[in-house]
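Asks: Just dropping this structure here.
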Amino acid sequence: MAVTKDMLIGEILQLDQNMAGVLMASGMHCVGCPSSQMESLEEAAMVHGIPADLLVARLNAYLQSVGK
């Protein structure tokens with residue numbers, strides 16, 4: 001499965017709990033916040049001033065590296 005900008009943060013974390021580390025390393029430190037679970041990746045990226053496409057690429061690269 002591939003990550004897309006419209007996926008909710010909660011959905012992304014359900015794919016692999018280690019995705020939280022990828023998000024945090026990219027500057028998104030609110031991953032544990034309950035309200036972030038219902039935000040799309042694109043919405044959360046915009047709030048943090050991070051290009052959504054960059055996050056999508058990093059998350060998908062991680063998934064590829066672990067064979068998911």
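Please note that chains go A, B, ... in the order of the structure tokens, that every chain numbers its residues from 1, and that ligands are numbered from 1 in the order shown.
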Tell me which protein, DNA and RNA residues are within 10 Å of Val56 in chain A, counting only C-alpha atoms, leaving out same-chain ones fewer than 6 positions away, and put them as a PyMOL selection string.
Replies: chain A and resi 2-5+7+23+41-42+62
Asks: Between CA of His48 in chain A and CA of Gly67 in chain A, what is the distance in Å, rounded to a tenth?
Replies: 28.6 Å
